[in-house]
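Here the structure comes first, spelled out in structure tokens, and everything after it is commentary.
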Amino acid sequence: MEPLHSSCPKRNSKILHINSLGVALVLLFLAPLASSCTDEERTSLLEFLDGLSQDSALNTSWKNGTNCCLWQGVICNVNGAVTDISLASMGLEGHISPSLGNLTGLLRVNLSGNSLSSELPSELLLSSSIIVLDVSFNKLNGELHGLPSTTERTIKVIDISSNLFTGYFPYNTLQSMKNLAALNMSNNSFIGKIPSTVCVDKQFFTIIDLSYNQFHGNIPPEVGNCSMLRVLKAGQNHLSGHLPTELFNVMSLEHLSFPNNNLQGTLHPEHVVRLSKLIILDLGGNRLNGKIPNSVGQLKRLEELHLSYNNMSGELPSALSNCSNLKTLILQGNNFQGNNKLIGVIPTEIGQLKGLLSLNLSFNNLYGEIPQSIGNLSNLQALDLSYNNLLGEIPYALERLHFLAKFNISNNDLEGPIPTGGQFSTFPDSSFAGNPRLCRPALMPYCNSADAAPVSIVSTKESIANFPFALAFGIFVGVGVLYDQMVLHRYIFLG
């Protein structure tokens, strides 16, 4: 006979198991009840469904008479109030019903990546509950309507990018949004000027993206009042004038991007150094002039510098080598040059940028030789030095660039053998065109000999220049042959 106490643990464990199972069943039973949506909220969601095309992906889930908290893309809180509508990239077509504004507990709306059209209901922008509104990458159109409101809105994030919106900057609609932190209006067709009130009562503003629109006029100095701003993008517009001095007071900026506008002026050393947190600086495609200030070397966090297609000149500052985190350096299409043709104006210190992935110095007036130190850029993937006045030989140190996928040194005055090691065997002849004194050792054993003729790598410019002579010579020969045939014909048949 077993001792009495030996059966107690088994019996107690069974009781605990039964009790735990009972509690789980009770919770499972109560959970749907606790999260059951109200009839009013179900009606608002069904009105939204009615505005979509009949073959919507939601038709199988969104059914009248069922708990809308269990519908696809709908999330409720413990009280059954709808807090989230997440229907990104669902292939939805149709329009957005204003009924979503009736959901008084709604916090987040994500309808991005669909094919929704018509206007954006003002009920969503002026909602007293919504914190995040994302309707990007749709086909929404029209102007953003909304009257100034004395009621403070809770919305923090608005993303209406990549749609078909038109009209002026909706400053009336945004006026009461004092908690707004991120605004993305990019890739639409907004017109007019950026209002000076854009940063009024916006102490939490951290992201403004107005790129790919049709804004014109100056950058308002009042943008300097956005003291918490981290990202400011307004590229691909028609902005003009200078970069306002006040902008450089926003020392929290990490991404400053105004490419492809009509901005002018110079980069002042004392201004640039104030933006010590900059990670991306993109001012390409403008009308900036002057030199790259040495103070750019104090931007220790800088990863991308884009100044292409401006009117900048002078020598490339060796201080760029102090930007130890630099990954992209794009300076093409300027007028960088040296005062002495015998002195290389690509600083050798550039080889210290060990993290550099892309270097483009094409379409400048750079003299001198390609520095050997570029071979130290072991992570480099793209190198473009074309259309300059570079001379000398291609450094064999470049064979060490094992990740180099794009390479272009065409239209310079380089000479000697083309390296064959590393990635050089993968580059097309166009990468070397316009350097008639370059030659390939694999095709000519005596490539280094002064008596040996180089392998012809003719540039497009030379081909065009030689074309009239070739054409004239061809016509001359053709006419001569035709004349001979006529004389011969007459001699044979006319006797």
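Identifiers for the structure tokens are assigned positionally: chains receive A, B, ... in sequence, residues are indexed from 1 per chain, and ligands are indexed from 1 in the order shown.
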
(request) Go through segment 141-275 of chain A and collect every residue that DSSP, computed from the backbone, puts in strand (DSSP E or B); the answer should be as number ranges by chain. (result) A: 141-142, 157-159, 164-168, 182-184, 189-193, 207-209, 214-218, 231-233, 238-241, 255-257, 262-265

Could you save the residues just selected, with C-alpha atoms, as an mmCIF file, in the first residue's frame?
data_model
loop_
_atom_site.group_PDB
_atom_site.id
_atom_site.type_symbol
_atom_site.label_atom_id
_atom_site.label_comp_id
_atom_site.auth_asym_id
_atom_site.auth_seq_id
_atom_site.Cartn_x
_atom_site.Cartn_y
_atom_site.Cartn_z
ATOM 1 C CA ASN A 141 -6.670 64.342 -56.073
ATOM 2 C CA GLY A 142 -8.100 67.781 -55.578
ATOM 3 C CA VAL A 157 2.003 62.298 -38.615
ATOM 4 C CA ILE A 158 0.505 63.123 -42.039
ATOM 5 C CA ASP A 159 1.735 61.302 -45.142
ATOM 6 C CA LEU A 164 -2.372 63.748 -57.446
ATOM 7 C CA PHE A 165 -3.132 66.593 -55.050
ATOM 8 C CA THR A 166 -3.142 70.162 -56.363
ATOM 9 C CA GLY A 167 -3.614 73.651 -54.974
ATOM 10 C CA TYR A 168 -1.681 75.704 -52.457
ATOM 11 C CA ALA A 182 5.984 64.746 -39.523
ATOM 12 C CA LEU A 183 4.496 66.096 -42.755
ATOM 13 C CA ASN A 184 5.135 64.400 -46.102
ATOM 14 C CA SER A 189 1.356 68.967 -57.806
ATOM 15 C CA PHE A 190 1.115 71.608 -55.101
ATOM 16 C CA ILE A 191 1.807 75.161 -56.246
ATOM 17 C CA GLY A 192 2.486 78.565 -54.746
ATOM 18 C CA LYS A 193 4.966 79.570 -52.080
ATOM 19 C CA ILE A 207 10.154 66.035 -40.621
ATOM 20 C CA ILE A 208 9.011 68.199 -43.562
ATOM 21 C CA ASP A 209 9.099 66.739 -47.072
ATOM 22 C CA GLN A 214 5.729 72.973 -58.074
ATOM 23 C CA PHE A 215 6.466 75.320 -55.207
ATOM 24 C CA HIS A 216 8.230 78.552 -56.140
ATOM 25 C CA GLY A 217 9.683 81.602 -54.455
ATOM 26 C CA ASN A 218 12.186 81.859 -51.632
ATOM 27 C CA VAL A 231 14.613 66.349 -41.964
ATOM 28 C CA LEU A 232 13.896 69.171 -44.427
ATOM 29 C CA LYS A 233 13.406 68.171 -48.062
ATOM 30 C CA HIS A 238 11.095 75.906 -58.508
ATOM 31 C CA LEU A 239 12.547 77.515 -55.408
ATOM 32 C CA SER A 240 14.908 80.447 -55.853
ATOM 33 C CA GLY A 241 17.001 82.884 -53.857
ATOM 34 C CA HIS A 255 18.951 65.669 -43.615
ATOM 35 C CA LEU A 256 18.922 68.886 -45.671
ATOM 36 C CA SER A 257 17.860 68.385 -49.275
ATOM 37 C CA ASN A 262 17.178 77.563 -58.733
ATOM 38 C CA LEU A 263 18.988 78.368 -55.503
ATOM 39 C CA GLN A 264 22.059 80.574 -55.670
ATOM 40 C CA GLY A 265 24.758 82.004 -53.463
#

(message) Just want the 7 Å neighbourhood of Ser252 of chain A, counted on only C-alpha atoms, with same-chain residues fewer than 2 positions away dropped. Output as a PyMOL selection string.
(response) chain A and resi 228-230+250+254+277

Store the residues picked out above, limited to all heavy atoms, as a compact mmCIF listing (two decimals), in the first residue's frame.
# COMPACT_ATOMS: atom_id res chain seq x y z
N MET A 228 13.28 71.86 -33.66
CA MET A 228 13.46 70.42 -33.49
C MET A 228 13.59 69.68 -34.82
O MET A 228 13.66 68.45 -34.84
CB MET A 228 12.27 69.84 -32.71
CG MET A 228 12.06 70.43 -31.34
SD MET A 228 13.40 70.03 -30.20
CE MET A 228 13.12 68.27 -30.00
N LEU A 229 13.61 70.42 -35.91
CA LEU A 229 13.58 69.82 -37.25
C LEU A 229 14.81 68.95 -37.51
O LEU A 229 15.94 69.37 -37.26
CB LEU A 229 13.49 70.92 -38.30
CG LEU A 229 12.92 70.55 -39.67
CD1 LEU A 229 11.49 70.03 -39.53
CD2 LEU A 229 12.95 71.77 -40.58
N ARG A 230 14.57 67.74 -37.99
CA ARG A 230 15.67 66.82 -38.32
C ARG A 230 15.77 66.58 -39.82
O ARG A 230 16.86 66.33 -40.33
CB ARG A 230 15.46 65.49 -37.59
CG ARG A 230 15.59 65.59 -36.08
CD ARG A 230 15.11 64.33 -35.39
NE ARG A 230 15.77 63.14 -35.91
CZ ARG A 230 15.38 61.90 -35.63
NH1 ARG A 230 14.32 61.70 -34.86
NH2 ARG A 230 16.04 60.87 -36.12
N VAL A 250 18.98 75.89 -37.18
CA VAL A 250 18.32 74.63 -36.82
C VAL A 250 19.40 73.57 -36.68
O VAL A 250 19.64 72.75 -37.58
CB VAL A 250 17.27 74.23 -37.87
CG1 VAL A 250 16.47 73.01 -37.39
CG2 VAL A 250 16.34 75.39 -38.17
N GLU A 254 19.48 66.81 -39.64
CA GLU A 254 20.27 65.66 -40.04
C GLU A 254 20.21 65.43 -41.55
O GLU A 254 21.14 64.85 -42.13
CB GLU A 254 19.77 64.40 -39.32
CG GLU A 254 19.92 64.46 -37.81
CD GLU A 254 19.35 63.23 -37.12
OE1 GLU A 254 18.86 62.32 -37.84
OE2 GLU A 254 19.39 63.17 -35.89
N LYS A 277 25.20 68.03 -36.98
CA LYS A 277 24.53 66.72 -36.95
C LYS A 277 24.13 66.23 -38.34
O LYS A 277 23.52 65.16 -38.47
CB LYS A 277 23.28 66.79 -36.06
CG LYS A 277 23.60 67.04 -34.59
CD LYS A 277 22.34 67.03 -33.75
CE LYS A 277 22.66 67.25 -32.27
NZ LYS A 277 21.44 67.24 -31.42

(message) Can you measure atom CA of Gln72 of chain A to atom CA of Thr154 of chain A for me? One decimal in Å is fine.
(response)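 Going from atom CA of Gln72 of chain A over to atom CA of Thr154 of chain A, I get 25.8 Å.
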
(request) Find the residues near segment 47-59 of chain A: any atom within 9 Å, counting only C-alpha atoms, skip ones fewer than 3 places away on the same chain, and give them as a list in words. (result) Arg42, Thr43, Ser44, Trp62, Lys63, Trp71, Gln72, Gly73, Met90, Gly91, Leu92, Glu93, Gly94, His95, Ile96, Ser97, Pro98, Ser99, Leu100 and Leu116 of chain A

(message) List as a count of residues only the protein and nucleic acid residues near Val296 of chain A, meaning an atom at most 8 Å away when only C-alpha atoms are counted, but skip any in the same chain fewer than 3 places from it.
(response) 9

(message) Applying 8 Å and only C-alpha atoms, which residues near Ser196 of chain A remain after dropping the ones on its own chain fewer than 4 positions away? List them as a list in words.
(response)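 Once the nearby chain positions are removed, what remains is Pro220, Pro221, Glu222 and Val223 of chain A.
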
(request) Show which residues sit within 10 Å of segment 343-357 of chain A, as a VMD selection string. Count only C-alpha atoms, and ignore same-chain residues fewer than 6 positions away. (result) chain A and resid 303 to 304 314 to 329 336 to 337 365 to 383 390 to 391 403 to 404

The selected residues should be written to file as a compact mmCIF listing (two decimals), in the first residue's frame (atoms: N, CA and C atoms).
# COMPACT_ATOMS: atom_id res chain seq x y z
N GLU A 303 27.37 61.56 -44.18
CA GLU A 303 27.49 60.34 -44.96
C GLU A 303 27.31 60.58 -46.46
N GLU A 304 26.54 61.59 -46.82
CA GLU A 304 26.31 61.89 -48.24
C GLU A 304 26.45 63.38 -48.49
N GLY A 314 37.22 76.31 -57.70
CA GLY A 314 38.30 76.19 -56.75
C GLY A 314 38.80 74.76 -56.64
N GLU A 315 39.69 74.53 -55.71
CA GLU A 315 40.24 73.20 -55.50
C GLU A 315 39.39 72.42 -54.51
N LEU A 316 39.42 71.12 -54.63
CA LEU A 316 38.71 70.27 -53.68
C LEU A 316 39.45 70.34 -52.34
N PRO A 317 38.75 70.67 -51.27
CA PRO A 317 39.44 70.82 -49.98
C PRO A 317 39.87 69.46 -49.42
N SER A 318 41.10 69.40 -48.98
CA SER A 318 41.60 68.17 -48.35
C SER A 318 40.86 67.89 -47.05
N ALA A 319 40.18 68.91 -46.50
CA ALA A 319 39.44 68.74 -45.25
C ALA A 319 38.30 67.74 -45.40
N LEU A 320 37.90 67.42 -46.64
CA LEU A 320 36.87 66.41 -46.85
C LEU A 320 37.27 65.07 -46.23
N SER A 321 38.55 64.83 -46.14
CA SER A 321 39.04 63.56 -45.60
C SER A 321 38.70 63.41 -44.11
N ASN A 322 38.34 64.53 -43.46
CA ASN A 322 37.97 64.47 -42.05
C ASN A 322 36.54 63.96 -41.85
N CYS A 323 35.77 63.90 -42.94
CA CYS A 323 34.40 63.36 -42.85
C CYS A 323 34.49 61.84 -42.89
N SER A 324 34.87 61.26 -41.79
CA SER A 324 35.23 59.83 -41.76
C SER A 324 34.06 58.90 -42.02
N ASN A 325 32.83 59.38 -41.93
CA ASN A 325 31.66 58.54 -42.18
C ASN A 325 31.11 58.69 -43.60
N LEU A 326 31.82 59.46 -44.43
CA LEU A 326 31.32 59.75 -45.78
C LEU A 326 31.25 58.49 -46.63
N LYS A 327 30.08 58.28 -47.24
CA LYS A 327 29.87 57.13 -48.11
C LYS A 327 29.64 57.53 -49.56
N THR A 328 29.08 58.73 -49.76
CA THR A 328 28.75 59.19 -51.12
C THR A 328 29.26 60.61 -51.28
N LEU A 329 30.08 60.82 -52.33
CA LEU A 329 30.61 62.15 -52.64
C LEU A 329 30.37 62.42 -54.12
N PHE A 336 35.49 72.72 -60.73
CA PHE A 336 36.63 72.52 -59.83
C PHE A 336 37.90 72.36 -60.67
N GLN A 337 38.95 73.06 -60.26
CA GLN A 337 40.20 73.02 -61.01
C GLN A 337 41.35 73.45 -60.10
N ASN A 365 37.05 70.51 -64.31
CA ASN A 365 38.30 70.88 -64.99
C ASN A 365 39.49 70.43 -64.16
N LEU A 366 39.40 69.23 -63.64
CA LEU A 366 40.45 68.72 -62.76
C LEU A 366 41.71 68.39 -63.56
N TYR A 367 42.84 68.89 -63.08
CA TYR A 367 44.14 68.61 -63.69
C TYR A 367 44.89 67.60 -62.82
N GLY A 368 46.02 67.17 -63.34
CA GLY A 368 46.91 66.33 -62.55
C GLY A 368 46.63 64.86 -62.72
N GLU A 369 47.31 64.07 -61.91
CA GLU A 369 47.21 62.62 -62.01
C GLU A 369 46.16 62.07 -61.05
N ILE A 370 45.73 60.87 -61.35
CA ILE A 370 44.83 60.16 -60.43
C ILE A 370 45.67 59.69 -59.25
N PRO A 371 45.34 60.11 -58.04
CA PRO A 371 46.19 59.74 -56.90
C PRO A 371 46.15 58.24 -56.61
N GLN A 372 47.31 57.72 -56.27
CA GLN A 372 47.41 56.30 -55.91
C GLN A 372 46.52 55.98 -54.71
N SER A 373 46.29 56.95 -53.85
CA SER A 373 45.56 56.70 -52.60
C SER A 373 44.13 56.26 -52.82
N ILE A 374 43.57 56.50 -54.03
CA ILE A 374 42.21 56.04 -54.30
C ILE A 374 42.15 54.51 -54.19
N GLY A 375 43.28 53.87 -54.43
CA GLY A 375 43.33 52.42 -54.28
C GLY A 375 43.11 51.94 -52.85
N ASN A 376 43.14 52.87 -51.88
CA ASN A 376 42.89 52.51 -50.49
C ASN A 376 41.40 52.47 -50.15
N LEU A 377 40.56 52.92 -51.08
CA LEU A 377 39.12 52.95 -50.84
C LEU A 377 38.54 51.57 -51.10
N SER A 378 38.80 50.67 -50.20
CA SER A 378 38.52 49.25 -50.45
C SER A 378 37.04 48.92 -50.61
N ASN A 379 36.15 49.81 -50.17
CA ASN A 379 34.71 49.55 -50.29
C ASN A 379 34.08 50.25 -51.49
N LEU A 380 34.89 50.95 -52.27
CA LEU A 380 34.36 51.76 -53.37
C LEU A 380 33.67 50.88 -54.41
N GLN A 381 32.45 51.31 -54.79
CA GLN A 381 31.66 50.57 -55.77
C GLN A 381 31.47 51.33 -57.07
N ALA A 382 31.60 52.65 -57.04
CA ALA A 382 31.41 53.46 -58.25
C ALA A 382 32.42 54.60 -58.25
N LEU A 383 33.15 54.73 -59.36
CA LEU A 383 34.16 55.79 -59.51
C LEU A 383 34.02 56.39 -60.90
N LEU A 390 42.64 65.05 -66.67
CA LEU A 390 43.58 64.21 -65.94
C LEU A 390 44.63 63.64 -66.88
N LEU A 391 45.85 63.49 -66.38
CA LEU A 391 46.94 62.99 -67.21
C LEU A 391 47.71 61.91 -66.47
N PHE A 403 35.41 45.68 -55.17
CA PHE A 403 33.95 45.86 -55.22
C PHE A 403 33.53 46.87 -56.28
N LEU A 404 34.50 47.37 -57.03
CA LEU A 404 34.21 48.40 -58.03
C LEU A 404 33.36 47.82 -59.16

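Non-sequential neighbours of Leu111 of chain A (distance at most 6 Å, separation of 6 or more positions within a chain, only C-alpha atoms) are Leu87, Ala88 and Val135 of chain A.
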
(request) State, in Å with one decimal place, the distance from atom CA of Cys439 of chain A to atom CA of Asn408 of chain A. (result)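 So the two atoms, atom CA of Cys439 of chain A and atom CA of Asn408 of chain A, lie 15.6 Å apart.
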